[in-house]
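Shown here: final_31.cif, mmCIF, C-alpha atoms.
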data_run
#
loop_
_atom_site.group_PDB
_atom_site.id
_atom_site.type_symbol
_atom_site.label_atom_id
_atom_site.label_comp_id
_atom_site.auth_asym_id
_atom_site.auth_seq_id
_atom_site.Cartn_x
_atom_site.Cartn_y
_atom_site.Cartn_z
ATOM 1 C CA MET I 260 134.050 75.145 261.369
ATOM 2 C CA GLU I 261 131.128 73.006 260.211
ATOM 3 C CA SER I 262 127.774 74.734 259.789
ATOM 4 C CA ARG I 263 125.935 71.752 261.299
ATOM 5 C CA HIS I 264 127.917 72.153 264.510
ATOM 6 C CA LEU I 265 126.926 75.826 264.682
ATOM 7 C CA PHE I 266 123.282 74.893 264.017
ATOM 8 C CA THR I 267 123.404 72.324 266.846
ATOM 9 C CA PHE I 268 124.942 74.985 269.105
ATOM 10 C CA LEU I 269 121.996 77.305 268.379
ATOM 11 C CA VAL I 270 119.444 74.567 269.095
ATOM 12 C CA VAL I 271 121.117 73.763 272.444
ATOM 13 C CA VAL I 272 121.026 77.455 273.377
ATOM 14 C CA GLU I 273 117.345 77.682 272.415
ATOM 15 C CA ALA I 274 116.367 74.387 274.097
ATOM 16 C CA GLY I 275 118.325 75.080 277.269
ATOM 17 C CA SER I 276 119.708 71.556 277.565
ATOM 18 C CA PHE I 277 121.467 68.859 275.578
ATOM 19 C CA THR I 278 118.597 66.430 276.241
ATOM 20 C CA ARG I 279 115.875 68.714 274.828
ATOM 21 C CA ALA I 280 118.107 69.649 271.871
ATOM 22 C CA ALA I 281 118.553 65.945 271.066
ATOM 23 C CA GLN I 282 114.766 65.458 271.182
ATOM 24 C CA LYS I 283 114.167 68.456 268.932
ATOM 25 C CA LEU I 284 116.714 67.328 266.343
ATOM 26 C CA ASP I 285 115.861 63.633 266.714
ATOM 27 C CA TYR I 286 119.510 62.855 267.490
ATOM 28 C CA ALA I 287 121.063 60.691 270.196
ATOM 29 C CA GLN I 288 122.208 62.860 273.095
ATOM 30 C CA SER I 289 125.723 61.533 272.611
ATOM 31 C CA SER I 290 125.688 62.969 269.052
ATOM 32 C CA ILE I 291 124.750 66.425 270.378
ATOM 33 C CA THR I 292 127.514 66.220 272.979
ATOM 34 C CA ALA I 293 130.063 65.100 270.356
ATOM 35 C CA GLN I 294 129.202 67.993 268.017
ATOM 36 C CA ILE I 295 129.477 70.614 270.761
ATOM 37 C CA GLN I 296 132.754 69.113 271.954
ATOM 38 C CA ALA I 297 134.114 69.181 268.379
ATOM 39 C CA LEU I 298 133.163 72.863 268.080
ATOM 40 C CA GLU I 299 134.742 73.679 271.462
ATOM 41 C CA SER I 300 137.887 71.787 270.508
ATOM 42 C CA GLU I 301 138.168 73.719 267.221
ATOM 43 C CA LEU I 302 137.688 77.066 268.993
ATOM 44 C CA GLY I 303 139.905 76.108 271.937
ATOM 45 C CA GLN I 304 137.364 77.331 274.493
ATOM 46 C CA PRO I 305 134.315 75.906 276.290
ATOM 47 C CA LEU I 306 130.992 77.292 275.102
ATOM 48 C CA PHE I 307 128.772 76.111 277.957
ATOM 49 C CA ASN I 308 129.038 76.010 281.716
ATOM 50 C CA ARG I 309 127.776 72.581 282.804
ATOM 51 C CA ILE I 310 126.522 72.810 286.374
ATOM 52 C CA GLY I 311 124.495 69.763 287.293
ATOM 53 C CA LYS I 312 121.653 69.440 284.810
ATOM 54 C CA ARG I 313 121.777 73.133 283.966
ATOM 55 C CA ILE I 314 123.831 74.712 281.187
ATOM 56 C CA THR I 315 124.651 78.348 280.631
ATOM 57 C CA LEU I 316 126.736 80.106 278.013
ATOM 58 C CA THR I 317 130.324 80.942 278.802
ATOM 59 C CA ASP I 318 131.747 84.281 277.755
ATOM 60 C CA ALA I 319 133.068 82.579 274.572
ATOM 61 C CA GLY I 320 129.621 81.124 273.925
ATOM 62 C CA ARG I 321 127.967 84.530 274.268
ATOM 63 C CA ARG I 322 130.459 86.046 271.805
ATOM 64 C CA LEU I 323 129.932 83.197 269.326
ATOM 65 C CA LEU I 324 126.132 83.346 269.457
ATOM 66 C CA PRO I 325 125.459 86.361 267.142
ATOM 67 C CA TYR I 326 127.923 85.044 264.556
ATOM 68 C CA ALA I 327 126.342 81.580 264.639
ATOM 69 C CA GLN I 328 122.914 83.190 264.187
ATOM 70 C CA GLU I 329 124.136 85.213 261.197
ATOM 71 C CA ILE I 330 125.832 82.222 259.587
ATOM 72 C CA SER I 331 122.665 80.140 260.037
ATOM 73 C CA LYS I 332 120.594 82.923 258.491
ATOM 74 C CA MET I 333 122.933 83.250 255.480
ATOM 75 C CA HIS I 334 122.948 79.475 255.024
ATOM 76 C CA ALA I 335 119.142 79.437 254.863
ATOM 77 C CA MET I 336 119.108 82.357 252.434
ATOM 78 C CA ALA I 337 121.596 80.602 250.154
ATOM 79 C CA GLU I 338 119.516 77.408 250.118
ATOM 80 C CA ASN I 339 116.337 79.333 249.362
ATOM 81 C CA ALA I 340 118.016 81.255 246.544
ATOM 82 C CA LEU I 341 119.229 78.077 244.873
ATOM 83 C CA ARG I 342 115.864 76.396 245.224
ATOM 84 C CA SER I 343 113.775 79.296 243.961
ATOM 85 C CA GLN I 344 113.223 79.999 240.283
ATOM 86 C CA SER I 345 114.242 83.600 240.654
ATOM 87 C CA GLY I 346 117.562 82.523 242.134
ATOM 88 C CA ILE I 347 118.597 80.217 239.295
ATOM 89 C CA GLY I 348 121.796 81.533 237.783
ATOM 90 C CA GLY I 349 125.012 80.391 236.198
ATOM 91 C CA SER I 350 125.487 79.746 232.501
ATOM 92 C CA LEU I 351 124.279 77.362 229.814
ATOM 93 C CA LYS I 352 126.230 76.518 226.658
ATOM 94 C CA ILE I 353 123.808 75.252 224.017
ATOM 95 C CA GLY I 354 124.692 73.763 220.651
ATOM 96 C CA GLY I 355 122.469 73.332 217.646
ATOM 97 C CA PRO I 356 122.309 73.233 213.834
ATOM 98 C CA GLU I 357 121.294 76.415 212.050
ATOM 99 C CA SER I 358 117.888 75.066 211.020
ATOM 100 C CA LEU I 359 116.878 74.514 214.655
ATOM 101 C CA ALA I 360 118.596 77.619 216.005
ATOM 102 C CA ALA I 361 116.541 79.738 213.628
ATOM 103 C CA PHE I 362 113.208 77.925 213.636
ATOM 104 C CA ARG I 363 112.827 75.893 216.857
ATOM 105 C CA LEU I 364 114.931 77.554 219.538
ATOM 106 C CA PRO I 365 113.783 81.213 219.556
ATOM 107 C CA GLY I 366 110.515 80.518 221.394
ATOM 108 C CA ILE I 367 112.261 78.302 223.947
ATOM 109 C CA ILE I 368 115.021 80.807 224.596
ATOM 110 C CA ARG I 369 112.613 83.740 224.830
ATOM 111 C CA GLU I 370 110.499 82.062 227.516
ATOM 112 C CA TYR I 371 113.534 80.805 229.410
ATOM 113 C CA ARG I 372 115.163 84.244 229.423
ATOM 114 C CA GLU I 373 111.952 85.823 230.716
ATOM 115 C CA ARG I 374 111.758 83.348 233.600
ATOM 116 C CA TYR I 375 115.479 83.067 234.405
ATOM 117 C CA PRO I 376 117.162 86.340 233.388
ATOM 118 C CA GLN I 377 120.206 85.639 235.572
ATOM 119 C CA VAL I 378 121.309 82.662 233.465
ATOM 120 C CA GLU I 379 123.915 83.500 230.837
ATOM 121 C CA MET I 380 123.183 81.658 227.581
ATOM 122 C CA ILE I 381 125.825 80.891 224.963
ATOM 123 C CA LEU I 382 124.737 79.418 221.609
ATOM 124 C CA LYS I 383 127.190 77.434 219.519
ATOM 125 C CA PRO I 384 126.402 76.337 215.935
ATOM 126 C CA GLY I 385 127.432 73.003 214.501
ATOM 127 C CA PHE I 386 126.447 69.893 212.590
ATOM 128 C CA CYS I 387 125.006 66.943 214.462
ATOM 129 C CA TRP I 388 128.163 64.792 214.570
ATOM 130 C CA ASP I 389 130.261 67.771 215.646
ATOM 131 C CA LEU I 390 127.712 68.609 218.321
ATOM 132 C CA ARG I 391 127.915 65.106 219.776
ATOM 133 C CA GLU I 392 131.657 65.539 220.227
ATOM 134 C CA MET I 393 131.103 68.974 221.753
ATOM 135 C CA ILE I 394 128.858 67.354 224.368
ATOM 136 C CA ARG I 395 131.426 64.646 225.106
ATOM 137 C CA SER I 396 134.224 67.170 225.501
ATOM 138 C CA GLY I 397 132.138 69.472 227.694
ATOM 139 C CA GLU I 398 132.271 72.309 225.175
ATOM 140 C CA VAL I 399 128.478 72.540 225.418
ATOM 141 C CA ASP I 400 126.127 71.545 228.250
ATOM 142 C CA LEU I 401 123.511 70.218 225.857
ATOM 143 C CA ALA I 402 122.771 70.275 222.157
ATOM 144 C CA PHE I 403 119.821 70.073 219.832
ATOM 145 C CA LEU I 404 120.203 67.501 217.079
ATOM 146 C CA LEU I 405 118.365 67.036 213.793
ATOM 147 C CA GLN I 406 118.938 63.454 212.705
ATOM 148 C CA PRO I 407 117.425 59.949 212.566
ATOM 149 C CA GLU I 408 116.739 58.446 215.988
ATOM 150 C CA GLN I 409 119.684 56.449 217.332
ATOM 151 C CA ASP I 410 121.201 55.487 220.668
ATOM 152 C CA ASP I 411 124.539 56.646 222.023
ATOM 153 C CA LYS I 412 126.273 54.983 224.956
ATOM 154 C CA ASP I 413 127.656 58.307 226.244
ATOM 155 C CA LEU I 414 124.687 60.581 225.646
ATOM 156 C CA HIS I 415 121.133 60.861 226.893
ATOM 157 C CA ILE I 416 119.164 61.668 223.721
ATOM 158 C CA GLU I 417 115.519 62.686 223.945
ATOM 159 C CA THR I 418 113.327 62.893 220.847
ATOM 160 C CA LEU I 419 111.145 65.993 220.871
ATOM 161 C CA VAL I 420 109.280 65.785 217.553
ATOM 162 C CA GLN I 421 109.485 63.989 214.214
ATOM 163 C CA GLU I 422 110.210 66.500 211.479
ATOM 164 C CA GLU I 423 108.395 66.375 208.159
ATOM 165 C CA MET I 424 110.580 67.276 205.171
ATOM 166 C CA ALA I 425 109.735 69.279 202.051
ATOM 167 C CA LEU I 426 111.185 69.320 198.543
ATOM 168 C CA VAL I 427 110.679 72.937 197.494
ATOM 169 C CA ALA I 428 110.911 74.672 194.130
ATOM 170 C CA PRO I 429 110.080 78.013 192.495
ATOM 171 C CA VAL I 430 106.321 78.460 192.172
ATOM 172 C CA ASN I 431 106.474 78.198 188.357
ATOM 173 C CA HIS I 432 108.715 75.097 188.284
ATOM 174 C CA ARG I 433 107.959 72.327 185.773
ATOM 175 C CA LEU I 434 107.546 69.708 188.553
ATOM 176 C CA VAL I 435 104.976 71.635 190.596
ATOM 177 C CA HIS I 436 101.929 70.082 188.940
ATOM 178 C CA LEU I 437 103.119 66.447 188.954
ATOM 179 C CA ALA I 438 100.975 64.130 191.083
ATOM 180 C CA ALA I 439 104.146 62.464 192.351
ATOM 181 C CA VAL I 440 107.766 63.501 191.876
ATOM 182 C CA GLU I 441 110.164 60.544 191.562
ATOM 183 C CA PRO I 442 113.969 60.468 191.948
ATOM 184 C CA SER I 443 114.331 60.071 188.185
ATOM 185 C CA ASP I 444 112.572 63.437 187.719
ATOM 186 C CA LEU I 445 115.511 65.150 189.429
ATOM 187 C CA LYS I 446 118.296 63.922 187.129
ATOM 188 C CA GLU I 447 118.615 67.240 185.351
ATOM 189 C CA GLU I 448 117.822 69.447 188.306
ATOM 190 C CA THR I 449 120.221 71.716 190.181
ATOM 191 C CA ILE I 450 120.033 70.831 193.871
ATOM 192 C CA LEU I 451 120.727 73.548 196.418
ATOM 193 C CA HIS I 452 122.196 71.900 199.516
ATOM 194 C CA THR I 453 123.206 72.822 203.004
ATOM 195 C CA GLU I 454 126.855 72.106 203.794
ATOM 196 C CA THR I 455 128.362 68.610 203.830
ATOM 197 C CA GLY I 456 127.692 66.940 207.174
ATOM 198 C CA CYS I 457 124.020 67.887 207.356
ATOM 199 C CA SER I 458 122.035 64.772 208.339
ATOM 200 C CA TYR I 459 118.990 65.328 206.124
ATOM 201 C CA ARG I 460 121.189 66.225 203.142
ATOM 202 C CA MET I 461 122.935 62.855 203.534
ATOM 203 C CA LEU I 462 119.607 61.000 203.730
ATOM 204 C CA PHE I 463 118.311 62.777 200.620
ATOM 205 C CA GLU I 464 121.467 62.067 198.612
ATOM 206 C CA GLN I 465 121.479 58.431 199.707
ATOM 207 C CA HIS I 466 117.860 58.088 198.581
ATOM 208 C CA LEU I 467 118.640 59.561 195.163
ATOM 209 C CA ASN I 468 121.792 57.487 194.763
ATOM 210 C CA ALA I 469 119.891 54.300 195.652
ATOM 211 C CA HIS I 470 117.685 55.041 192.619
ATOM 212 C CA GLY I 471 120.671 55.677 190.355
ATOM 213 C CA VAL I 472 120.315 59.475 190.450
ATOM 214 C CA TYR I 473 123.412 61.626 190.980
ATOM 215 C CA PRO I 474 122.317 65.230 190.361
ATOM 216 C CA ASP I 475 124.885 67.576 188.926
ATOM 217 C CA PRO I 476 125.418 70.433 189.280
ATOM 218 C CA LYS I 477 124.949 70.835 193.025
ATOM 219 C CA LEU I 478 125.335 74.052 194.937
ATOM 220 C CA GLU I 479 126.302 74.298 198.627
ATOM 221 C CA PHE I 480 125.128 77.102 200.874
ATOM 222 C CA TRP I 481 126.030 78.242 204.364
ATOM 223 C CA SER I 482 122.479 79.029 205.472
ATOM 224 C CA ILE I 483 118.906 77.934 204.917
ATOM 225 C CA GLU I 484 117.818 81.524 204.387
ATOM 226 C CA ALA I 485 120.266 81.831 201.488
ATOM 227 C CA ILE I 486 118.969 78.580 199.998
ATOM 228 C CA LYS I 487 115.351 79.754 200.138
ATOM 229 C CA GLN I 488 116.160 83.043 198.449
ATOM 230 C CA CYS I 489 118.043 81.256 195.661
ATOM 231 C CA VAL I 490 115.206 78.752 195.126
ATOM 232 C CA MET I 491 112.770 81.672 194.830
ATOM 233 C CA ALA I 492 115.136 83.234 192.300
ATOM 234 C CA GLY I 493 114.930 80.088 190.147
ATOM 235 C CA LEU I 494 118.447 78.736 190.733
ATOM 236 C CA GLY I 495 117.279 75.235 191.673
ATOM 237 C CA ILE I 496 115.298 73.136 194.131
ATOM 238 C CA SER I 497 116.065 72.117 197.700
ATOM 239 C CA PHE I 498 115.215 69.515 200.337
ATOM 240 C CA LEU I 499 114.582 71.156 203.720
ATOM 241 C CA PRO I 500 112.719 70.576 206.995
ATOM 242 C CA LEU I 501 109.118 71.701 206.578
ATOM 243 C CA VAL I 502 109.371 73.954 209.634
ATOM 244 C CA THR I 503 111.992 76.071 207.849
ATOM 245 C CA VAL I 504 109.788 76.823 204.809
ATOM 246 C CA GLN I 505 106.268 77.015 206.216
ATOM 247 C CA LYS I 506 106.132 80.793 206.035
ATOM 248 C CA GLU I 507 107.146 80.877 202.350
ATOM 249 C CA LEU I 508 104.748 78.057 201.444
ATOM 250 C CA ALA I 509 101.883 79.875 203.168
ATOM 251 C CA GLU I 510 102.770 83.120 201.376
ATOM 252 C CA GLY I 511 103.051 81.364 198.015
ATOM 253 C CA THR I 512 106.667 82.384 197.395
ATOM 254 C CA LEU I 513 107.810 78.744 197.351
ATOM 255 C CA ALA I 514 106.086 75.610 196.086
ATOM 256 C CA ARG I 515 106.192 72.199 197.733
ATOM 257 C CA LEU I 516 106.633 69.301 195.324
ATOM 258 C CA ASN I 517 104.714 66.057 195.754
ATOM 259 C CA TRP I 518 107.688 64.134 197.080
ATOM 260 C CA ASP I 519 107.628 61.036 199.335
ATOM 261 C CA ASP I 520 109.898 62.059 202.236
ATOM 262 C CA GLU I 521 109.110 59.091 204.501
ATOM 263 C CA SER I 522 112.561 57.464 204.280
ATOM 264 C CA GLN I 523 114.398 60.771 204.672
ATOM 265 C CA ARG I 524 112.752 62.148 207.793
ATOM 266 C CA VAL I 525 114.712 63.207 210.846
ATOM 267 C CA ALA I 526 113.775 64.020 214.426
ATOM 268 C CA THR I 527 114.480 67.080 216.504
ATOM 269 C CA GLN I 528 116.256 65.815 219.594
ATOM 270 C CA VAL I 529 117.980 67.247 222.643
ATOM 271 C CA ALA I 530 121.052 65.561 224.103
ATOM 272 C CA TYR I 531 123.380 65.867 227.071
ATOM 273 C CA HIS I 532 126.076 63.644 228.586
ATOM 274 C CA ARG I 533 124.736 60.769 230.665
ATOM 275 C CA LYS I 534 127.226 61.525 233.443
ATOM 276 C CA LYS I 535 126.701 65.282 233.465
ATOM 277 C CA TRP I 536 125.429 66.865 236.664
ATOM 278 C CA LYS I 537 122.159 68.583 235.833
ATOM 279 C CA SER I 538 122.324 72.023 237.407
ATOM 280 C CA PRO I 539 119.101 73.856 238.367
ATOM 281 C CA ALA I 540 119.610 76.016 235.260
ATOM 282 C CA LEU I 541 119.843 72.933 233.028
ATOM 283 C CA GLU I 542 116.863 71.234 234.697
ATOM 284 C CA ALA I 543 114.770 74.371 234.210
ATOM 285 C CA PHE I 544 115.846 74.619 230.568
ATOM 286 C CA MET I 545 114.833 71.002 229.917
ATOM 287 C CA GLU I 546 111.403 71.701 231.441
ATOM 288 C CA THR I 547 110.975 74.623 229.039
ATOM 289 C CA VAL I 548 112.113 72.503 226.081
ATOM 290 C CA ARG I 549 109.647 69.715 226.888
ATOM 291 C CA LYS I 550 106.807 72.205 227.254
ATOM 292 C CA HIS I 551 107.441 73.614 223.771
ATOM 293 C CA ALA I 552 107.952 70.155 222.268
ATOM 294 C CA SER I 553 104.563 69.098 223.614
ATOM 295 C CA GLY I 554 103.067 72.051 221.781
ATOM 296 C CA TRP I 555 104.787 71.092 218.514
ATOM 297 C CA GLN I 556 103.379 67.573 218.789
ATOM 298 C CA ARG I 557 99.831 68.755 219.525
ATOM 299 C CA GLN I 558 99.861 71.145 216.598
ATOM 300 C CA GLY I 559 100.506 68.356 214.125
ATOM 301 C CA VAL I 560 102.079 71.084 212.002
ATOM 302 C CA HIS I 561 105.666 71.869 212.884
ATOM 303 C CA GLY I 562 106.675 75.363 213.745
#
Kindly transcribe the structure held in the file into structure tokens.
Amino acid sequence: MESRHLFTFLVVVEAGSFTRAAQKLDYAQSSITAQIQALESELGQPLFNRIGKRITLTDAGRRLLPYAQEISKMHAMAENALRSQSGIGGSLKIGGPESLAAFRLPGIIREYRERYPQVEMILKPGFCWDLREMIRSGEVDLAFLLQPEQDDKDLHIETLVQEEMALVAPVNHRLVHLAAVEPSDLKEETILHTETGCSYRMLFEQHLNAHGVYPDPKLEFWSIEAIKQCVMAGLGISFLPLVTVQKELAEGTLARLNWDDESQRVATQVAYHRKKWKSPALEAFMETVRKHASGWQRQGVHG
């Protein structure tokens, strides 16, 4: 039983004739007649007595009327719920690297959860290349990426903000007072890295290698927080997004070296599959993301 046929039935009852119902709905009268006949055929009973130009409800029509009214009411309520902010529900699976999950996403997620508490949010960590595959496979609905800007035939990728990078060291490090730190100055340094696969780690290593510098030893860590603590403890230096170390730089627990990061910068991006249907929950999330990204850009200082 099609809801549009029931809606037409209600309009005919209210209008009192097929002709006036057609005028009200801006349909051809033949369309009104065809819909009522289809409904009568499905129910196996006539719904109207047609006596001359007058129509009246049959007993079957009178019994159908309250159910048609209730169905029409529920249909309208369902549409309103899906269109209203308070009615947005469902789930969102979001991927992102640790550096963004810890330093860019909390404000976005907090605001989104306050506005749309019925949406279930699932966060999945990963490196940028892994996250791209997770989008393609449908494992996540969208992902935040931290990498150089590049196109992808399968993904819609939107740049949110260019990230400044920082080479950080203990506050009493020998390189702190140099006017400019060059790759050759790092030959004997211990570099504390994020795990293999991190985009900005690869850019940093490529830059050093291009200048004939292959630092050894290197230490790999599972989290940026662990790296910062070890740099403060004097175990080495590290190359990290500025947003991840702003607090420590402001407090004076880490020092930023005078390093030219121009060729090693990455962008914070958000990506989803080009063919993915954007649910109301996803559309609302993207609006929240863009609002926060606009704030990051206006600040001029990331974070």
Please determine, counting only C-alpha atoms, which residue among I:Leu401, I:Val529, I:Val378, I:Leu414 has the shortest atom-to-atom distance to I:Arg549. I:Val529
What residues come out when you apply the PyMOL selection byres ((chain I and resi 302) around 12) to this file, written as a ChimeraX atom specification? /I:260-261,264-265,295-301,303-306,319-320,322-323
Residues picked by the PyMOL selection byres ((chain I and resi 381-393) around 9) here, as a VMD selection string? chain I and resid 350 to 357 360 379 to 380 394 to 406 414 456 to 458 530 to 531
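Of the listed residues I:Asp285, I:Tyr375, I:His452, I:Ala280, the one whose atoms come nearest to I:Phe544 is I:Tyr375, with distances taken using all atoms listed in the file.
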Close residues, I:Glu447 itself excluded, 8 Å, all atoms listed in the file, min 3 positions apart in chain, as a list in words: Asp444, Pro474 and Asp475 of chain I
If I wrap all listed atoms of stretch 378-387 of chain I in a box with edges along x, y and z and add 5 Å on each side, what are its centre and edge lengths in Å to one decimal, as AutoDock Vina command-line options?
--center_x 124.4 --center_y 75.2 --center_z 223.0 --size_x 16.1 --size_y 26.6 --size_z 30.9
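Using all atoms listed in the file, the shortest contact distance between I:Leu541 and any of I:Gly348, I:Thr292, I:Lys446, I:Val272 is found at I:Gly348.
Proximity to I:Ser497 was assessed for I:Arg533, I:Arg313, I:His334, I:Arg460 counting only C-alpha atoms; the smallest distance is recorded for I:Arg460.
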Can you work out which one of I:Leu437, I:Ala492, I:Val427, I:Ala540 has the shortest atom-to-atom distance to I:Val504, counting all atoms listed in the file? I:Val427
Enumerate, as a JSON list (two decimals) with C-alpha atoms, in the coordinates of the input, the residues matched when the PyMOL selection byres ((chain I and resi 462-468) around 9) is run on the file above.
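Contents of result_34.json, freshly written:
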[["chain", "number", "residue", "atom", "x", "y", "z"],
["I", 442, "PRO", "CA", 113.97, 60.47, 191.95],
["I", 443, "SER", "CA", 114.33, 60.07, 188.18],
["I", 445, "LEU", "CA", 115.51, 65.15, 189.43],
["I", 457, "CYS", "CA", 124.02, 67.89, 207.36],
["I", 458, "SER", "CA", 122.04, 64.77, 208.34],
["I", 459, "TYR", "CA", 118.99, 65.33, 206.12],
["I", 460, "ARG", "CA", 121.19, 66.22, 203.14],
["I", 461, "MET", "CA", 122.94, 62.86, 203.53],
["I", 469, "ALA", "CA", 119.89, 54.30, 195.65],
["I", 470, "HIS", "CA", 117.68, 55.04, 192.62],
["I", 471, "GLY", "CA", 120.67, 55.68, 190.36],
["I", 472, "VAL", "CA", 120.32, 59.48, 190.45],
["I", 473, "TYR", "CA", 123.41, 61.63, 190.98],
["I", 474, "PRO", "CA", 122.32, 65.23, 190.36],
["I", 498, "PHE", "CA", 115.22, 69.52, 200.34],
["I", 520, "ASP", "CA", 109.90, 62.06, 202.24],
["I", 522, "SER", "CA", 112.56, 57.46, 204.28],
["I", 523, "GLN", "CA", 114.40, 60.77, 204.67],
["I", 524, "ARG", "CA", 112.75, 62.15, 207.79],
["I", 525, "VAL", "CA", 114.71, 63.21, 210.85]]
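For the choices I:Ile314, I:Ile483, I:Thr267, I:Leu364, the atom-to-atom distance to I:Ala293 is smallest for I:Thr267 when using all atoms listed in the file.
Here atom CA of I:Lys535 is placed at a distance of 17.9 Å from atom CA of I:Val548.
As for atom CA of I:Pro376 and atom CA of I:Gly349, they are spaced 10.2 Å apart.
Atom CA of I:Ile291 is positioned 17.3 Å from atom CA of I:Ser331.
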Around the point (118.1, 75.8, 269.7) in the file's coordinates, collect all residues with an atom within 12 Å, using all atoms listed in the file, and return them as an NGL selection string. :I and (264-284 or 291 or 324 or 327-328 or 331)
